[in-house]
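What follows is a short report on a single structure.
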Amino acid sequence: MELRFDESIPIYQQILQGVLWDVAVGAVEPGSRLPSVRELSKLTRSNPNTVQRAYMELERMGVVETQRGQGTFVVGDPSIIGEVRTNVTSSAVRSFVEEMRRLKYSDEGIIELVREQLRNTRGLQKENPAQEPCESGTEMVQRTTGELSEVIADGRN
Amino acid sequence: MAAIEMRGVQKSYYLARALDGIDLSIEPGKIVGLLGPNGAGKSTLLKLCAGLIHPTAGSVRVLGQEVSLKTKARTAFVPEIDTFYGWMTVSEALRLEASMFADIDPAEVTELLRELKLDARARIAHLSKGMRAKLKLVAAMSRKADLVLMDEPLAGIDPPARAAILETIATRYRPGEQTIVISTHEVLESEKLFDDVVFLSGGRIALQGNADQLRVEKGKSLNEVFAEVC
């Protein structure tokens with residue numbers, strides 16, 4: 001989990017996002033145990049009440065479940081990965097698009113910006129195999145324009 | 001029942017007014033940051049709760065009662081400047097603490113000394129400032145106190161020792177049961193630890209609230225809010 005925090009954003013939200021990202025990229029697998037509240041609060045030097053709040057919210061979202069006396073686990077159903085990926089991806093795309101619209105870009109302009117960025121960073125992408133299982137930028141563009149929704153349906157390359 | 005309840009509290013030292021009309025209610029089961037610059041009245045407020053000084057006007061209630069020997073038995077106060085005797089060893093100093101506070105857990109003492117890498121046989125006079133700060137923490141956190149009041153636990157010590165202290169507070173704190181009030185102006189490092197914060201400035205409360213809620217409302221870190229209100 002990413003351990004750097006932006007202190008101007010609610011801490012509980014960042015812990016929650018951290019877990020969601022870990023699930024989305026497969027860093028924690030369905031059915032695996034999350035660190036205990038105490039462990040995570042030690043790791044992040046944050047308040048155990050805050051960690052507890054993030055875990056409760058994740059439980060409410062159906063991403064984790066608490067087993068009495070055993071700890072907090074990512075739900076066992078593998079489809080959770082896709083669900084969380086969709087959730088994380090669409091919120092990232094949404095905030096990107098919102099920001100570009102605030103900068104007065106047209107829809108076409110936004111897509112062109114993304115294409116250009118993809119071209120400029122193509123070489124880097126290949127050198128970084130860790131990114132491979134993730135949804136590609138092109139797919140994100142397709143998602144936003146709704147052109148190829150079936151490609152994104154399974155959230156994979 | 002509030003962990004701390006203050007009504008119209010004033011405290012003057014001769015002509016200097018340290019606290020000037022404090023109305024404050026601190027919910028139990030939380031870690032609360034008491035934030036403010038030097039001279040804002042943070043220490044005075046904590047000492048009133050610990051029963052070390054008395055208000056010039058107004059009332060202070062702790063754990064649902066007037067401050068008394070009863071509340072003192074359930075309160076751990078960590079002073080900014082420790083009161084250990086230099087000629088004692090670490091374990092002698094902790095035994096002295098145990099003779100004063102019945103709720104010290106010897107197993108916790110051993111565990112905390114190990115965790116914070118403090119040598120029980122070391123002489124207090126030979127300890128660094130960071131080690132003395134850790135020893136104060138051991139004395140307070142090895143008790144089963146319902147209310148822990150820490151006055152500037154991070155002041156004047158190096159970053160690794162500050163990190164170790166914050167980590168120990170985070171892991172030893174009994175969520176929901178214990179209330180910890182920490183005064184500090186080192187907001188940047190400590191702000192992730194707080195449920196709620198109270199900003200003090202010039203003996204008055206400048207702002208108080210839930211930490212994450214203030215981040216949302218202000219779009220700022222507590223450290224930035226500190227610069228704005230204090």
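Note on naming: chains are A, B, ... as they come in the structure tokens, residues start from 1 per chain, ligands start from 1 in the order shown.
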
Distance limit 8 Å, atoms considered: only C-alpha atoms. Which chain B residues sit that close to chain A? Return them as a VMD selection string.
chain B and resid 30 to 31 166 to 168 170 to 171 175 to 176 191 to 195 211 to 213 215 to 216 219 to 222

Residues as selected, N, CA, C and O atoms, written as an mmCIF file, in the first residue's frame, can you do that?
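Contents of part09.cif, as written:
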data_model
loop_
_atom_site.group_PDB
_atom_site.id
_atom_site.type_symbol
_atom_site.label_atom_id
_atom_site.label_comp_id
_atom_site.auth_asym_id
_atom_site.auth_seq_id
_atom_site.Cartn_x
_atom_site.Cartn_y
_atom_site.Cartn_z
ATOM 1 N N LYS B 30 -11.116 9.112 22.064
ATOM 2 C CA LYS B 30 -10.491 9.719 20.895
ATOM 3 C C LYS B 30 -9.068 10.163 21.190
ATOM 4 O O LYS B 30 -8.686 10.330 22.343
ATOM 5 N N ILE B 31 -8.329 10.361 20.107
ATOM 6 C CA ILE B 31 -7.035 11.018 20.238
ATOM 7 C C ILE B 31 -7.219 12.449 19.746
ATOM 8 O O ILE B 31 -7.641 12.677 18.618
ATOM 9 N N LEU B 166 5.391 8.561 17.994
ATOM 10 C CA LEU B 166 4.073 8.586 17.346
ATOM 11 C C LEU B 166 3.565 7.168 17.082
ATOM 12 O O LEU B 166 2.381 6.871 17.266
ATOM 13 N N GLU B 167 4.487 6.296 16.678
ATOM 14 C CA GLU B 167 4.121 4.910 16.396
ATOM 15 C C GLU B 167 3.655 4.199 17.671
ATOM 16 O O GLU B 167 2.666 3.470 17.657
ATOM 17 N N THR B 168 4.362 4.466 18.758
ATOM 18 C CA THR B 168 3.990 3.841 20.031
ATOM 19 C C THR B 168 2.622 4.326 20.495
ATOM 20 O O THR B 168 1.801 3.539 20.970
ATOM 21 N N ALA B 170 0.208 5.366 18.558
ATOM 22 C CA ALA B 170 -0.794 4.773 17.661
ATOM 23 C C ALA B 170 -1.087 3.318 18.015
ATOM 24 O O ALA B 170 -2.228 2.872 17.933
ATOM 25 N N THR B 171 -0.065 2.567 18.406
ATOM 26 C CA THR B 171 -0.281 1.136 18.633
ATOM 27 C C THR B 171 -0.694 0.801 20.065
ATOM 28 O O THR B 171 -1.325 -0.219 20.296
ATOM 29 N N PRO B 175 -8.316 1.854 21.360
ATOM 30 C CA PRO B 175 -9.349 2.574 20.611
ATOM 31 C C PRO B 175 -10.705 2.520 21.314
ATOM 32 O O PRO B 175 -11.105 1.478 21.816
ATOM 33 N N GLY B 176 -11.351 3.666 21.340
ATOM 34 C CA GLY B 176 -12.698 3.706 21.890
ATOM 35 C C GLY B 176 -12.765 3.800 23.406
ATOM 36 O O GLY B 176 -13.681 4.376 23.950
ATOM 37 N N GLU B 191 -0.276 15.016 12.668
ATOM 38 C CA GLU B 191 -1.696 15.243 12.377
ATOM 39 C C GLU B 191 -2.483 13.996 11.976
ATOM 40 O O GLU B 191 -3.688 13.957 12.157
ATOM 41 N N LYS B 192 -1.808 12.970 11.470
ATOM 42 C CA LYS B 192 -2.527 11.748 11.094
ATOM 43 C C LYS B 192 -3.030 10.983 12.316
ATOM 44 O O LYS B 192 -3.826 10.071 12.201
ATOM 45 N N LEU B 193 -2.529 11.380 13.468
ATOM 46 C CA LEU B 193 -2.870 10.665 14.694
ATOM 47 C C LEU B 193 -4.175 11.158 15.324
ATOM 48 O O LEU B 193 -4.745 10.499 16.183
ATOM 49 N N PHE B 194 -4.668 12.313 14.887
ATOM 50 C CA PHE B 194 -5.772 12.941 15.608
ATOM 51 C C PHE B 194 -7.152 12.628 15.037
ATOM 52 O O PHE B 194 -7.365 12.711 13.839
ATOM 53 N N ASP B 195 -8.096 12.277 15.932
ATOM 54 C CA ASP B 195 -9.507 12.223 15.551
ATOM 55 C C ASP B 195 -10.038 13.649 15.477
ATOM 56 O O ASP B 195 -10.668 14.046 14.510
ATOM 57 N N ALA B 211 -10.872 16.110 12.646
ATOM 58 C CA ALA B 211 -9.711 16.355 11.781
ATOM 59 C C ALA B 211 -10.048 16.166 10.297
ATOM 60 O O ALA B 211 -9.788 17.061 9.484
ATOM 61 N N ASP B 212 -10.633 15.019 9.945
ATOM 62 C CA ASP B 212 -10.928 14.765 8.531
ATOM 63 C C ASP B 212 -11.979 15.728 7.988
ATOM 64 O O ASP B 212 -11.923 16.145 6.835
ATOM 65 N N GLN B 213 -12.932 16.109 8.852
ATOM 66 C CA GLN B 213 -13.961 17.052 8.416
ATOM 67 C C GLN B 213 -13.360 18.428 8.118
ATOM 68 O O GLN B 213 -13.738 19.072 7.148
ATOM 69 N N ARG B 215 -10.356 18.927 7.125
ATOM 70 C CA ARG B 215 -9.608 18.797 5.863
ATOM 71 C C ARG B 215 -10.550 18.997 4.678
ATOM 72 O O ARG B 215 -10.192 19.649 3.699
ATOM 73 N N VAL B 216 -11.755 18.417 4.781
ATOM 74 C CA VAL B 216 -12.727 18.557 3.697
ATOM 75 C C VAL B 216 -13.188 20.010 3.588
ATOM 76 O O VAL B 216 -13.182 20.605 2.515
ATOM 77 N N GLY B 219 -10.094 22.178 2.674
ATOM 78 C CA GLY B 219 -9.232 21.721 1.579
ATOM 79 C C GLY B 219 -7.763 21.860 1.919
ATOM 80 O O GLY B 219 -6.920 22.061 1.062
ATOM 81 N N LYS B 220 -7.467 21.763 3.209
ATOM 82 C CA LYS B 220 -6.091 21.983 3.660
ATOM 83 C C LYS B 220 -5.698 20.933 4.676
ATOM 84 O O LYS B 220 -6.563 20.301 5.285
ATOM 85 N N SER B 221 -4.394 20.787 4.861
ATOM 86 C CA SER B 221 -3.907 19.934 5.941
ATOM 87 C C SER B 221 -4.086 20.699 7.255
ATOM 88 O O SER B 221 -4.233 21.920 7.254
ATOM 89 N N LEU B 222 -4.076 19.966 8.365
ATOM 90 C CA LEU B 222 -4.197 20.624 9.666
ATOM 91 C C LEU B 222 -3.028 21.589 9.878
ATOM 92 O O LEU B 222 -3.165 22.631 10.504
#

Please identify all polymer residues within 8 Å of Tyr173 in chain B, counting only C-alpha atoms, omitting same-chain residues fewer than 5 positions from it, and present them as a PDB file with N, CA, C and O atoms, in the first residue's frame.
ATOM      1  N   MET B 141       2.178   5.107  29.065  1.00  0.00           N
ATOM      2  CA  MET B 141       1.426   4.135  28.271  1.00  0.00           C
ATOM      3  C   MET B 141       1.405   2.740  28.904  1.00  0.00           C
ATOM      4  O   MET B 141       0.645   1.888  28.453  1.00  0.00           O
ATOM      5  N   GLN B 178      -9.899   4.669  25.564  1.00  0.00           N
ATOM      6  CA  GLN B 178      -8.986   5.611  26.175  1.00  0.00           C
ATOM      7  C   GLN B 178      -9.079   6.956  25.444  1.00  0.00           C
ATOM      8  O   GLN B 178      -9.328   6.980  24.248  1.00  0.00           O
ATOM      9  N   ILE B 180      -6.829  10.307  24.610  1.00  0.00           N
ATOM     10  CA  ILE B 180      -5.474  10.855  24.681  1.00  0.00           C
ATOM     11  C   ILE B 180      -5.503  12.282  24.147  1.00  0.00           C
ATOM     12  O   ILE B 180      -5.995  12.520  23.042  1.00  0.00           O
TER      13      ILE B 180
END

Pick from B:Ala125, B:Ala163, B:Leu200, B:Ala227, whichever lies nearest to Asp82 in chain B using only C-alpha atoms:
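The shortest atom-to-atom distance to Asp82 in chain B comes from B:Ala125.
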
If we count only C-alpha atoms, what is near range 46-57 of chain B at a cut-off of 10 Å, once residues fewer than 4 positions away on the same chain are taken out, given as an mmCIF file with C-alpha atoms, in the first residue's frame?
data_model
loop_
_atom_site.group_PDB
_atom_site.id
_atom_site.type_symbol
_atom_site.label_atom_id
_atom_site.label_comp_id
_atom_site.auth_asym_id
_atom_site.auth_seq_id
_atom_site.Cartn_x
_atom_site.Cartn_y
_atom_site.Cartn_z
ATOM 1 C CA ALA B 3 -13.663 12.962 28.931
ATOM 2 C CA ILE B 4 -12.978 16.629 29.604
ATOM 3 C CA GLU B 5 -15.553 19.332 30.219
ATOM 4 C CA MET B 6 -14.534 22.957 30.738
ATOM 5 C CA ARG B 7 -16.951 25.817 31.367
ATOM 6 C CA GLY B 8 -15.855 29.461 31.360
ATOM 7 C CA VAL B 9 -12.356 28.536 32.434
ATOM 8 C CA GLN B 10 -9.923 31.320 33.133
ATOM 9 C CA LYS B 11 -6.434 30.955 34.491
ATOM 10 C CA SER B 12 -4.203 33.836 35.404
ATOM 11 C CA TYR B 13 -0.671 33.752 36.708
ATOM 12 C CA ARG B 17 -3.931 35.590 31.657
ATOM 13 C CA LEU B 19 -6.531 30.989 29.536
ATOM 14 C CA ASP B 20 -9.286 33.430 28.793
ATOM 15 C CA GLY B 21 -12.762 31.904 28.820
ATOM 16 C CA LEU B 34 -4.299 20.396 21.267
ATOM 17 C CA GLY B 41 -2.169 28.120 26.900
ATOM 18 C CA LYS B 42 -1.802 24.455 25.929
ATOM 19 C CA ARG B 61 -14.551 18.216 34.976
ATOM 20 C CA VAL B 62 -12.598 15.148 33.969
ATOM 21 C CA LEU B 63 -14.095 11.685 33.297
ATOM 22 C CA GLU B 66 -14.595 17.307 39.468
ATOM 23 C CA VAL B 67 -10.806 16.958 39.278
ATOM 24 C CA SER B 68 -9.796 15.068 42.425
ATOM 25 C CA LEU B 69 -7.549 12.267 43.660
ATOM 26 C CA THR B 71 -9.695 11.362 38.638
ATOM 27 C CA LYS B 72 -5.918 11.664 39.088
ATOM 28 C CA ALA B 73 -5.717 7.905 39.633
ATOM 29 C CA ARG B 74 -7.268 7.403 36.191
ATOM 30 C CA THR B 75 -5.277 10.146 34.456
ATOM 31 C CA ALA B 76 -1.718 9.933 33.174
ATOM 32 C CA PHE B 77 -0.004 13.278 32.735
ATOM 33 C CA VAL B 78 3.179 13.423 30.682
ATOM 34 C CA PRO B 79 4.929 16.717 31.492
ATOM 35 C CA LEU B 147 -7.203 9.724 30.146
ATOM 36 C CA VAL B 148 -3.664 10.430 28.965
ATOM 37 C CA LEU B 149 -2.495 14.043 28.775
ATOM 38 C CA MET B 150 0.768 14.587 26.907
ATOM 39 C CA ASP B 151 2.400 17.984 26.980
ATOM 40 C CA VAL B 181 -4.908 14.602 24.489
ATOM 41 C CA ILE B 182 -1.609 15.633 22.927
ATOM 42 C CA SER B 183 -0.400 19.219 22.887
#

CA of Gly130 in chain B sits from CA of His185 in chain B at a separation of 17.2 Å

Any chance you could list, as a ChimeraX atom specification, the residues in range 13-143 of chain A that come up strand (DSSP E) when DSSP is run on the backbone?
/A:64-67,71-74

Given the selection you just returned, output its residues as a file containing N, CA, C and O atoms, formatted as a JSON list (two decimals), in the first residue's frame.
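What follows is the written file result27.json:
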[["chain", "number", "residue", "atom", "x", "y", "z"],
["A", 64, "VAL", "N", -14.56, -5.85, 1.59],
["A", 64, "VAL", "CA", -13.93, -6.69, 2.63],
["A", 64, "VAL", "C", -15.00, -7.23, 3.56],
["A", 64, "VAL", "O", -16.14, -6.73, 3.58],
["A", 65, "GLU", "N", -14.62, -8.26, 4.30],
["A", 65, "GLU", "CA", -15.52, -8.75, 5.35],
["A", 65, "GLU", "C", -14.69, -9.05, 6.60],
["A", 65, "GLU", "O", -13.54, -9.46, 6.51],
["A", 66, "THR", "N", -15.31, -8.79, 7.75],
["A", 66, "THR", "CA", -14.61, -9.04, 9.00],
["A", 66, "THR", "C", -15.04, -10.40, 9.53],
["A", 66, "THR", "O", -16.23, -10.70, 9.58],
["A", 67, "GLN", "N", -14.04, -11.23, 9.84],
["A", 67, "GLN", "CA", -14.37, -12.52, 10.45],
["A", 67, "GLN", "C", -13.98, -12.45, 11.91],
["A", 67, "GLN", "O", -12.83, -12.16, 12.24],
["A", 71, "GLY", "N", -9.87, -11.37, 11.80],
["A", 71, "GLY", "CA", -9.39, -10.19, 11.07],
["A", 71, "GLY", "C", -10.28, -9.80, 9.92],
["A", 71, "GLY", "O", -11.40, -10.28, 9.77],
["A", 72, "THR", "N", -9.72, -8.91, 9.09],
["A", 72, "THR", "CA", -10.47, -8.38, 7.95],
["A", 72, "THR", "C", -9.91, -8.98, 6.66],
["A", 72, "THR", "O", -8.69, -8.98, 6.45],
["A", 73, "PHE", "N", -10.79, -9.50, 5.83],
["A", 73, "PHE", "CA", -10.38, -10.18, 4.60],
["A", 73, "PHE", "C", -11.03, -9.53, 3.38],
["A", 73, "PHE", "O", -12.17, -9.07, 3.45],
["A", 74, "VAL", "N", -10.29, -9.54, 2.26],
["A", 74, "VAL", "CA", -10.90, -9.17, 0.99],
["A", 74, "VAL", "C", -11.91, -10.28, 0.68],
["A", 74, "VAL", "O", -11.63, -11.45, 0.92]]

Pairwise distance for CA of Arg174 in chain B and CA of Asp146 in chain B, rounded to one decimal in Å:
9.2 Å

What lies within 6 Å of range 20-29 of chain A using only C-alpha atoms, ignoring chain neighbours under 4 positions off, as a PyMOL selection string?
chain A and resi 81+84-85
